[in-house]
>>> print(open('model18.cif').read())   # mmCIF, C-alpha atoms
data_work
loop_
_atom_site.group_PDB
_atom_site.id
_atom_site.type_symbol
_atom_site.label_atom_id
_atom_site.label_comp_id
_atom_site.auth_asym_id
_atom_site.auth_seq_id
_atom_site.Cartn_x
_atom_site.Cartn_y
_atom_site.Cartn_z
ATOM 1 C CA MET A 205 -7.850 -3.293 19.624
ATOM 2 C CA THR A 206 -6.617 -6.888 19.620
ATOM 3 C CA GLY A 207 -3.571 -5.899 17.567
ATOM 4 C CA ILE A 208 -2.680 -3.150 20.032
ATOM 5 C CA VAL A 209 -2.936 -5.567 22.949
ATOM 6 C CA VAL A 210 -0.743 -8.137 21.183
ATOM 7 C CA SER A 211 1.829 -5.477 20.281
ATOM 8 C CA VAL A 212 1.951 -4.155 23.843
ATOM 9 C CA ILE A 213 2.343 -7.648 25.301
ATOM 10 C CA CYS A 214 5.117 -8.551 22.851
ATOM 11 C CA PHE A 215 6.814 -5.177 23.327
ATOM 12 C CA PHE A 216 7.042 -5.355 27.105
ATOM 13 C CA SER A 217 7.791 -9.067 27.079
ATOM 14 C CA TYR A 218 10.838 -8.432 24.929
ATOM 15 C CA LEU A 219 11.850 -5.515 27.145
ATOM 16 C CA ALA A 220 11.827 -7.925 30.065
ATOM 17 C CA VAL A 221 13.914 -10.423 28.091
ATOM 18 C CA ALA A 222 16.362 -7.715 26.978
ATOM 19 C CA SER A 223 16.702 -6.494 30.534
ATOM 20 C CA HIS A 224 17.270 -10.031 31.779
ATOM 21 C CA VAL A 225 20.139 -10.682 29.351
ATOM 22 C CA GLY A 226 21.651 -7.230 29.910
ATOM 23 C CA LEU A 227 20.945 -5.832 26.436
ATOM 24 C CA ILE A 228 19.311 -2.679 27.775
ATOM 25 C CA ASP A 229 22.270 -1.882 30.039
ATOM 26 C CA GLN A 230 24.710 -2.524 27.196
ATOM 27 C CA THR A 231 22.719 -0.221 24.922
ATOM 28 C CA VAL A 232 22.570 2.582 27.493
ATOM 29 C CA GLU A 233 26.292 2.295 28.162
ATOM 30 C CA GLY A 234 27.058 2.396 24.443
ATOM 31 C CA GLU A 235 28.543 -1.095 24.272
ATOM 32 C CA VAL A 236 25.890 -2.170 21.764
ATOM 33 C CA SER A 237 24.315 -0.070 19.025
ATOM 34 C CA SER A 238 20.790 1.043 19.831
ATOM 35 C CA ILE A 239 19.649 -0.269 16.449
ATOM 36 C CA GLU A 240 19.594 -3.827 17.806
ATOM 37 C CA LEU A 241 17.166 -3.024 20.586
ATOM 38 C CA ARG A 242 15.086 -0.688 18.421
ATOM 39 C CA ALA A 243 14.816 -3.218 15.605
ATOM 40 C CA SER A 244 13.758 -5.983 17.977
ATOM 41 C CA LEU A 245 11.124 -3.821 19.658
ATOM 42 C CA THR A 246 9.837 -2.795 16.229
ATOM 43 C CA LEU A 247 9.389 -6.461 15.357
ATOM 44 C CA MET A 248 7.272 -6.899 18.476
ATOM 45 C CA ILE A 249 5.005 -4.047 17.390
ATOM 46 C CA LEU A 250 4.699 -5.455 13.870
ATOM 47 C CA ILE A 251 3.623 -8.830 15.262
ATOM 48 C CA GLY A 252 0.423 -7.162 16.422
ATOM 49 C CA TYR A 253 0.002 -4.702 13.561
ATOM 50 C CA LEU A 254 0.384 -6.923 10.490
ATOM 51 C CA PRO A 255 -2.481 -9.393 11.158
ATOM 52 C CA VAL A 256 -4.772 -6.457 11.907
ATOM 53 C CA ALA A 257 -3.649 -4.724 8.700
ATOM 54 C CA HIS A 258 -4.395 -7.918 6.770
ATOM 55 C CA TRP A 259 -7.844 -8.122 8.334
ATOM 56 C CA TYR A 260 -8.610 -4.526 7.373
ATOM 57 C CA LEU A 261 -7.283 -5.074 3.851
ATOM 58 C CA ARG A 262 -9.655 -8.018 3.412
ATOM 59 C CA LYS A 263 -12.565 -6.051 4.880
ATOM 60 C CA TRP A 264 -11.940 -2.980 2.714
ATOM 61 C CA SER A 265 -11.397 -5.105 -0.394
ATOM 62 C CA LEU A 266 -14.712 -6.920 0.001
ATOM 63 C CA GLN A 267 -16.407 -3.590 0.608
ATOM 64 C CA SER A 268 -14.877 -2.119 -2.564
ATOM 65 C CA PHE A 269 -15.888 -5.161 -4.615
ATOM 66 C CA GLY A 270 -19.420 -4.894 -3.282
ATOM 67 C CA GLU A 271 -19.672 -1.224 -4.190
ATOM 68 C CA VAL A 272 -18.347 -1.864 -7.705
ATOM 69 C CA LYS A 273 -20.831 -4.700 -8.122
ATOM 70 C CA GLN A 274 -23.688 -2.456 -7.028
ATOM 71 C CA ALA A 275 -22.605 0.549 -9.116
ATOM 72 C CA PHE A 276 -22.224 -1.429 -12.343
ATOM 73 C CA ALA A 277 -24.802 -4.191 -11.746
ATOM 74 C CA LEU A 278 -22.206 -6.957 -11.961
ATOM 75 C CA GLN A 279 -23.090 -10.587 -11.356
ATOM 76 C CA ASP A 280 -19.712 -11.890 -10.185
ATOM 77 C CA ASN A 281 -19.144 -12.291 -6.472
ATOM 78 C CA ALA A 282 -16.091 -10.906 -4.708
ATOM 79 C CA ARG A 283 -13.122 -13.237 -4.571
ATOM 80 C CA VAL A 284 -10.197 -13.533 -2.188
ATOM 81 C CA PRO A 285 -6.915 -15.442 -2.461
ATOM 82 C CA SER A 286 -7.120 -19.115 -1.549
ATOM 83 C CA ASP A 287 -5.744 -20.356 1.753
ATOM 84 C CA ARG A 288 -3.173 -22.446 -0.104
ATOM 85 C CA THR A 289 -1.916 -19.404 -2.010
ATOM 86 C CA LEU A 290 -1.662 -17.347 1.161
ATOM 87 C CA LEU A 291 0.188 -20.222 2.814
ATOM 88 C CA ALA A 292 2.756 -20.157 0.013
ATOM 89 C CA ALA A 293 3.028 -16.361 0.259
ATOM 90 C CA GLY A 294 3.594 -16.620 4.003
ATOM 91 C CA ILE A 295 6.354 -19.191 3.530
ATOM 92 C CA VAL A 296 8.060 -16.991 0.924
ATOM 93 C CA GLY A 297 7.870 -14.009 3.281
ATOM 94 C CA TRP A 298 9.270 -16.064 6.148
ATOM 95 C CA LEU A 299 12.188 -17.324 4.055
ATOM 96 C CA ALA A 300 12.888 -13.819 2.750
ATOM 97 C CA PHE A 301 13.039 -12.282 6.219
ATOM 98 C CA ILE A 302 15.163 -15.048 7.686
ATOM 99 C CA THR A 303 17.571 -14.761 4.759
ATOM 100 C CA LEU A 304 17.759 -10.971 4.700
ATOM 101 C CA PHE A 305 18.041 -10.311 8.411
ATOM 102 C CA LEU A 306 19.698 -13.397 9.883
ATOM 103 C CA ILE A 307 21.689 -15.210 7.197
ATOM 104 C CA LEU A 308 23.074 -12.561 4.827
ATOM 105 C CA PRO A 309 24.320 -10.111 7.499
ATOM 106 C CA ASP A 310 26.285 -12.884 9.225
ATOM 107 C CA ARG A 311 27.737 -15.794 7.281
ATOM 108 C CA ASP A 312 28.397 -17.607 10.553
ATOM 109 C CA SER A 313 24.822 -16.998 11.628
ATOM 110 C CA LEU A 314 23.662 -18.479 14.892
ATOM 111 C CA LEU A 315 20.488 -19.453 13.059
ATOM 112 C CA PHE A 316 22.002 -22.836 12.225
ATOM 113 C CA GLN A 317 23.331 -23.331 15.746
ATOM 114 C CA PRO A 318 20.202 -23.337 17.904
ATOM 115 C CA TRP A 319 22.089 -24.786 20.869
ATOM 116 C CA ARG A 320 23.900 -21.427 21.130
ATOM 117 C CA TRP A 321 20.768 -19.281 21.045
ATOM 118 C CA ALA A 322 20.378 -16.861 23.924
ATOM 119 C CA LEU A 323 16.913 -15.951 25.136
ATOM 120 C CA ASP A 324 16.846 -12.622 23.293
ATOM 121 C CA TYR A 325 18.079 -14.193 20.035
ATOM 122 C CA THR A 326 15.402 -16.867 20.275
ATOM 123 C CA ALA A 327 12.764 -14.166 20.675
ATOM 124 C CA VAL A 328 14.104 -12.318 17.622
ATOM 125 C CA VAL A 329 14.070 -15.470 15.476
ATOM 126 C CA ILE A 330 10.468 -16.174 16.438
ATOM 127 C CA ALA A 331 9.462 -12.542 15.881
ATOM 128 C CA LEU A 332 11.196 -12.369 12.493
ATOM 129 C CA SER A 333 9.454 -15.556 11.432
ATOM 130 C CA LEU A 334 6.040 -14.221 12.416
ATOM 131 C CA VAL A 335 6.639 -10.827 10.814
ATOM 132 C CA GLY A 336 8.007 -12.344 7.600
ATOM 133 C CA TRP A 337 5.042 -14.721 7.425
ATOM 134 C CA SER A 338 2.551 -11.894 7.970
ATOM 135 C CA ILE A 339 4.208 -9.465 5.545
ATOM 136 C CA GLY A 340 4.314 -12.145 2.858
ATOM 137 C CA ARG A 341 0.586 -12.792 3.210
ATOM 138 C CA LEU A 342 -0.322 -9.105 3.470
ATOM 139 C CA SER A 343 1.812 -8.094 0.485
ATOM 140 C CA PHE A 344 0.448 -10.869 -1.696
ATOM 141 C CA GLU A 345 -3.184 -10.111 -0.916
ATOM 142 C CA LEU A 346 -2.623 -6.384 -1.398
ATOM 143 C CA ILE A 347 -1.172 -6.950 -4.875
ATOM 144 C CA TRP A 348 -3.692 -9.685 -5.718
ATOM 145 C CA THR A 349 -6.605 -7.452 -4.748
ATOM 146 C CA ALA A 350 -5.251 -4.526 -6.751
ATOM 147 C CA LEU A 351 -4.770 -6.664 -9.858
ATOM 148 C CA HIS A 352 -8.213 -8.222 -9.401
ATOM 149 C CA LEU A 353 -9.772 -4.756 -9.339
ATOM 150 C CA THR A 354 -7.871 -3.948 -12.521
ATOM 151 C CA GLU A 355 -9.323 -7.027 -14.213
ATOM 152 C CA ILE A 356 -12.824 -6.148 -13.012
ATOM 153 C CA ALA A 357 -12.443 -2.651 -14.459
ATOM 154 C CA LYS A 358 -11.629 -4.137 -17.863
ATOM 155 C CA CYS A 359 -14.908 -6.095 -17.819
ATOM 156 C CA LEU A 360 -17.175 -3.236 -16.787
ATOM 157 C CA PRO A 361 -20.001 -2.179 -19.110
ATOM 158 C CA ASP A 362 -19.909 1.214 -20.793
ATOM 159 C CA LEU A 363 -18.787 3.910 -18.377
ATOM 160 C CA ASN A 364 -20.572 7.146 -17.657
ATOM 161 C CA LEU A 365 -17.574 9.460 -17.656
ATOM 162 C CA PHE A 366 -19.483 12.095 -15.711
ATOM 163 C CA ASP A 367 -20.540 9.744 -12.903
ATOM 164 C CA ARG A 368 -17.454 10.124 -10.738
ATOM 165 C CA ASP A 369 -19.175 8.467 -7.782
ATOM 166 C CA SER A 370 -19.055 5.114 -9.571
ATOM 167 C CA PHE A 371 -15.242 5.312 -9.544
ATOM 168 C CA LYS A 372 -14.991 5.847 -5.790
ATOM 169 C CA PRO A 373 -14.484 2.155 -4.869
ATOM 170 C CA PHE A 374 -11.278 2.122 -6.922
ATOM 171 C CA ILE A 375 -10.043 5.337 -5.307
ATOM 172 C CA GLN A 376 -10.997 4.080 -1.874
ATOM 173 C CA GLN A 377 -9.125 0.814 -2.338
ATOM 174 C CA GLY A 378 -5.988 2.619 -3.485
ATOM 175 C CA VAL A 379 -5.961 5.154 -0.656
ATOM 176 C CA GLN A 380 -6.736 2.576 2.022
ATOM 177 C CA SER A 381 -4.078 0.169 0.740
ATOM 178 C CA ALA A 382 -1.549 2.996 0.750
ATOM 179 C CA LEU A 383 -2.556 3.842 4.314
ATOM 180 C CA LEU A 384 -1.605 0.344 5.474
ATOM 181 C CA ILE A 385 1.872 0.753 3.985
ATOM 182 C CA ILE A 386 2.249 4.266 5.392
ATOM 183 C CA ILE A 387 1.446 3.027 8.894
ATOM 184 C CA MET A 388 4.110 0.349 8.503
ATOM 185 C CA MET A 389 6.440 3.070 7.220
ATOM 186 C CA SER A 390 5.742 5.076 10.366
ATOM 187 C CA ILE A 391 6.427 2.086 12.600
ATOM 188 C CA THR A 392 9.708 1.197 10.903
ATOM 189 C CA GLY A 393 10.812 4.715 9.953
ATOM 190 C CA HIS A 394 13.120 5.148 12.924
ATOM 191 C CA LEU A 395 15.233 2.225 11.684
ATOM 192 C CA ALA A 396 16.415 4.462 8.851
ATOM 193 C CA VAL A 397 18.094 6.604 11.490
ATOM 194 C CA LYS A 398 20.852 4.156 12.261
ATOM 195 C CA PRO A 399 23.852 5.426 14.183
ATOM 196 C CA GLY A 400 26.856 5.606 11.904
ATOM 197 C CA SER A 401 24.864 4.871 8.761
ATOM 198 C CA GLY A 402 25.381 7.021 5.688
ATOM 199 C CA ILE A 403 22.846 9.165 3.963
ATOM 200 C CA ILE A 404 22.704 6.695 1.062
ATOM 201 C CA GLY A 405 21.282 3.909 3.206
ATOM 202 C CA THR A 406 18.692 6.232 4.669
ATOM 203 C CA MET A 407 17.638 7.490 1.255
ATOM 204 C CA VAL A 408 17.351 3.939 -0.109
ATOM 205 C CA PHE A 409 15.092 2.963 2.783
ATOM 206 C CA MET A 410 12.908 6.049 2.403
ATOM 207 C CA THR A 411 12.692 5.675 -1.370
ATOM 208 C CA THR A 412 11.711 2.013 -1.097
ATOM 209 C CA MET A 413 8.888 2.763 1.309
ATOM 210 C CA LEU A 414 7.647 5.654 -0.818
ATOM 211 C CA VAL A 415 7.658 3.487 -3.954
ATOM 212 C CA LEU A 416 5.665 0.791 -2.150
ATOM 213 C CA THR A 417 3.185 3.413 -1.014
ATOM 214 C CA MET A 418 2.717 4.772 -4.527
ATOM 215 C CA MET A 419 2.277 1.250 -5.911
ATOM 216 C CA ALA A 420 -0.397 0.508 -3.325
ATOM 217 C CA LEU A 421 -2.177 3.703 -4.359
ATOM 218 C CA ILE A 422 -1.893 3.432 -8.139
ATOM 219 C CA ILE A 423 -2.289 -0.273 -8.989
ATOM 220 C CA PRO A 424 -5.960 -0.578 -7.889
ATOM 221 C CA MET A 425 -6.827 2.328 -10.206
ATOM 222 C CA ARG A 426 -4.894 1.258 -13.298
ATOM 223 C CA GLY A 427 -7.804 -0.630 -14.801
ATOM 224 C CA ILE A 428 -10.390 2.106 -14.385
ATOM 225 C CA HIS A 429 -7.789 4.634 -15.585
ATOM 226 C CA SER A 430 -7.427 2.688 -18.842
ATOM 227 C CA ARG A 431 -11.199 2.440 -19.211
ATOM 228 C CA ILE A 432 -11.626 6.186 -18.688
ATOM 229 C CA GLN A 433 -8.985 6.900 -21.319
ATOM 230 C CA ALA A 434 -10.592 4.486 -23.777
ATOM 231 C CA GLY A 435 -14.050 5.899 -23.057
ATOM 232 C CA LYS A 436 -12.865 9.448 -23.649
ATOM 233 C CA ARG A 437 -11.200 8.500 -26.921
ATOM 234 C CA GLY A 438 -14.318 6.718 -28.149
ATOM 235 C CA GLU A 439 -16.757 9.463 -27.200
ATOM 236 C CA LEU A 440 -14.526 12.241 -28.511
ATOM 237 C CA ALA A 441 -14.091 10.425 -31.821
ATOM 238 C CA ALA A 442 -17.869 10.015 -32.172
ATOM 239 C CA ILE A 443 -18.593 13.638 -31.259
ATOM 240 C CA ARG A 444 -15.923 14.984 -33.593
ATOM 241 C CA GLU A 445 -17.331 12.932 -36.433
ATOM 242 C CA LYS A 446 -20.773 14.418 -35.747
ATOM 243 C CA ILE A 447 -19.255 17.902 -35.617
ATOM 244 C CA ARG A 448 -17.614 17.306 -38.978
ATOM 245 C CA LEU A 449 -20.880 16.195 -40.544
ATOM 246 C CA LYS A 450 -22.837 19.073 -39.029
ATOM 247 C CA LYS A 451 -20.174 21.535 -40.127
ATOM 248 C CA ASP A 452 -20.389 20.288 -43.716
ATOM 249 C CA ARG A 453 -24.157 20.758 -43.670
ATOM 250 C CA LEU A 454 -23.799 24.212 -42.133
ATOM 251 C CA ILE A 455 -21.365 25.223 -44.854
ATOM 252 C CA ALA A 456 -23.789 23.859 -47.406
ATOM 253 C CA GLY A 457 -26.359 26.371 -46.163
ATOM 254 C CA SER A 458 -28.328 24.585 -43.418
ATOM 255 C CA ALA A 459 -28.616 27.194 -40.645
ATOM 256 C CA GLN A 460 -30.488 24.727 -38.419
ATOM 257 C CA GLU A 461 -27.247 22.899 -37.695
ATOM 258 C CA SER A 462 -25.694 25.860 -35.857
ATOM 259 C CA ASP A 463 -27.262 25.163 -32.450
ATOM 260 C CA MET A 464 -26.405 21.478 -32.700
ATOM 261 C CA ILE A 465 -22.755 22.257 -33.425
ATOM 262 C CA VAL A 466 -22.585 24.548 -30.390
ATOM 263 C CA ALA A 467 -24.002 21.784 -28.199
ATOM 264 C CA LEU A 468 -21.568 19.231 -29.626
ATOM 265 C CA LEU A 469 -18.623 21.558 -29.085
ATOM 266 C CA ALA A 470 -19.692 22.090 -25.471
ATOM 267 C CA MET A 471 -19.938 18.333 -24.953
ATOM 268 C CA GLU A 472 -16.517 17.850 -26.538
ATOM 269 C CA THR A 473 -14.999 20.356 -24.129
ATOM 270 C CA ARG A 474 -16.698 18.721 -21.162
ATOM 271 C CA ILE A 475 -15.418 15.269 -22.091
ATOM 272 C CA GLU A 476 -11.893 16.576 -22.648
ATOM 273 C CA ARG A 477 -11.918 17.988 -19.119
ATOM 274 C CA VAL A 478 -12.752 14.636 -17.535
ATOM 275 C CA PRO A 479 -9.588 13.575 -15.624
ATOM 276 C CA ASP A 480 -7.904 10.414 -16.875
ATOM 277 C CA TRP A 481 -7.431 9.250 -13.280
ATOM 278 C CA PRO A 482 -10.420 8.827 -10.961
ATOM 279 C CA PHE A 483 -8.903 10.973 -8.212
ATOM 280 C CA ASP A 484 -10.873 13.705 -6.541
ATOM 281 C CA GLY A 485 -9.777 16.495 -4.242
ATOM 282 C CA GLY A 486 -10.805 14.648 -1.094
ATOM 283 C CA SER A 487 -8.906 11.447 -1.888
ATOM 284 C CA LEU A 488 -5.751 13.336 -2.812
ATOM 285 C CA SER A 489 -5.982 15.367 0.392
ATOM 286 C CA ARG A 490 -6.354 12.232 2.516
ATOM 287 C CA PHE A 491 -3.455 10.513 0.791
ATOM 288 C CA SER A 492 -1.236 13.588 1.187
ATOM 289 C CA PHE A 493 -2.129 13.781 4.876
ATOM 290 C CA TYR A 494 -1.342 10.099 5.415
ATOM 291 C CA LEU A 495 1.958 10.442 3.560
ATOM 292 C CA LEU A 496 2.962 13.469 5.623
ATOM 293 C CA LEU A 497 2.309 11.460 8.775
ATOM 294 C CA GLY A 498 4.686 8.758 7.562
ATOM 295 C CA LEU A 499 7.378 11.241 6.606
ATOM 296 C CA GLY A 500 6.840 13.086 9.869
ATOM 297 C CA SER A 501 7.632 9.909 11.782
ATOM 298 C CA TRP A 502 11.041 9.793 10.106
ATOM 299 C CA VAL A 503 11.754 13.410 10.995
ATOM 300 C CA GLY A 504 10.658 12.800 14.575
ATOM 301 C CA ALA A 505 12.836 9.700 14.796
ATOM 302 C CA ALA A 506 15.842 11.665 13.569
ATOM 303 C CA LEU A 507 15.288 14.376 16.179
ATOM 304 C CA VAL A 508 14.828 11.875 19.009
ATOM 305 C CA GLU A 509 17.944 9.971 17.932
ATOM 306 C CA ARG A 510 19.989 13.165 17.927
ATOM 307 C CA LEU A 511 18.700 14.171 21.361
ATOM 308 C CA ILE A 512 19.491 10.743 22.802
ATOM 309 C CA ASN A 513 22.984 10.751 21.336
ATOM 310 C CA SER A 514 23.567 14.248 22.722
ATOM 311 C CA ALA A 515 22.377 13.195 26.164
ATOM 312 C CA LEU A 516 24.620 10.141 26.190
#
>>> encode(input="model18.cif", output="structure tokens")
Amino acid sequence: MTGIVVSVICFFSYLAVASHVGLIDQTVEGEVSSIELRASLTLMILIGYLPVAHWYLRKWSLQSFGEVKQAFALQDNARVPSDRTLLAAGIVGWLAFITLFLILPDRDSLLFQPWRWALDYTAVVIALSLVGWSIGRLSFELIWTALHLTEIAKCLPDLNLFDRDSFKPFIQQGVQSALLIIIMMSITGHLAVKPGSGIIGTMVFMTTMLVLTMMALIIPMRGIHSRIQAGKRGELAAIREKIRLKKDRLIAGSAQESDMIVALLAMETRIERVPDWPFDGGSLSRFSFYLLLGLGSWVGAALVERLINSAL
């Protein structure tokens, strides 16, 4: 709720600033591309969203660690990135955003001439700094948490391949992390619909967001995926060795081994059918639904943009 309030305040505050300096009138009259106003308003929304997303990421991560600890009787406590590390990540994000959006697009950037800053430009610089700072921290913790879960998975005791419930914390972390990126994709999706931009730019933007979403989904499950594969290989090798021994005895004339071989073959088949990834139908359905929402925002933005251009 706090994030929504902050976003609304920033959004309407910038609208007031844009109206004061005449940016809204210039946009309506076609003197200035609508992308400038849309991008600035999007920054105002992200100012409220990103800290809330970071808070939820931390909350969900600690919850996932706790569930893994309980399921596998681990002794280690959950860990989070240090404040110093997050500070460095925030600075990197801030520098990246300032460079990408203020310095590179304009070699004679006003960024280094603060005495020439108009009110709306000042607001954009502040907003970009806050968004870059927040995205740097959020991105780092998202990746750090995913890699930490991977390391935990490598240290787990022997897995019960048939206990799929014990894998749910890894699935949950992946789906929830992807959701945070998809929401950001929905917020920023309309920026891909830039007047006069080519299809290549739009496709690059969409592909980048989709890749980030898939990374957020997959990385938290890489470790448990490797453990499942290793567990299957080990158990299948042991069962097949037993089948070989029982088969030799059966051939030698021991009819008592027949029932045991049937049971071993059934177990072999059951283990082979265990999925290598810990996904289940519900998690895949939720992820697909979230992804469709993100893609739907792009389609909606394209339709709205076309309607506005037709009206003007």
>>> resolve_selection(input="model18.cif", expression="the PyMOL selection byres ((chain A and resi 279) around 12)", output="JSON, numbers by chain")
{"A": [269, 270, 272, 273, 274, 275, 276, 277, 278, 280, 281, 282, 356, 359, 360, 361]}
>>> residues_near_point(input="model18.cif", point="(-8.9, -2.9, -8.0)", cutoff="10 Å", atoms="only C-alpha atoms", output="list in words")
Ser265, Ser268, Phe269, Val272, Leu346, Ile347, Trp348, Thr349, Ala350, Leu351, His352, Leu353, Thr354, Glu355, Ile356, Ala357, Pro373, Phe374, Ile375, Gln376, Gln377, Gly378, Ile422, Ile423, Pro424, Met425, Arg426, Gly427 and Ile428 of chain A
>>> closest_residue(input="model18.cif", among="A:Arg242, A:Arg368, A:Arg262, A:Arg341", to="A:Phe483", atoms="all atoms listed in the file")
A:Arg368
>>> closest_residue(input="model18.cif", among="A:Met389, A:Lys263, A:Leu254, A:Leu299", to="A:Ile339", atoms="only C-alpha atoms")
A:Leu254
>>> atom_distance(input="model18.cif", atom1="atom CA of A:Ala243", atom2="atom CA of A:Gly340")
18.8 Å
>>> closest_residue(input="model18.cif", among="A:Leu365, A:Gln267, A:Ser244, A:Ala292", to="A:Leu332", atoms="only C-alpha atoms")
A:Ser244
>>> atom_distance(input="model18.cif", atom1="atom CA of A:Ile432", atom2="atom CA of A:Phe371")
9.9 Å
>>> closest_residue(input="model18.cif", among="A:Ala331, A:Tyr260, A:Asn364, A:Lys451", to="A:Ser381", atoms="all atoms listed in the file")
A:Tyr260
>>> axis_aligned_box(input="model18.cif", around="stretch 254-265 of chain A", padding_each_side="8 Å", output="AutoDock Vina command-line options")
--center_x -6.1 --center_y -6.2 --center_z 5.8 --size_x 28.9 --size_y 22.4 --size_z 28.3
>>> closest_residue(input="model18.cif", among="A:Phe491, A:Leu266, A:Lys446, A:Met418", to="A:Leu469", atoms="only C-alpha atoms")
A:Lys446
>>> atom_distance(input="model18.cif", atom1="atom CA of A:Val209", atom2="atom CA of A:Ile249")
9.8 Å
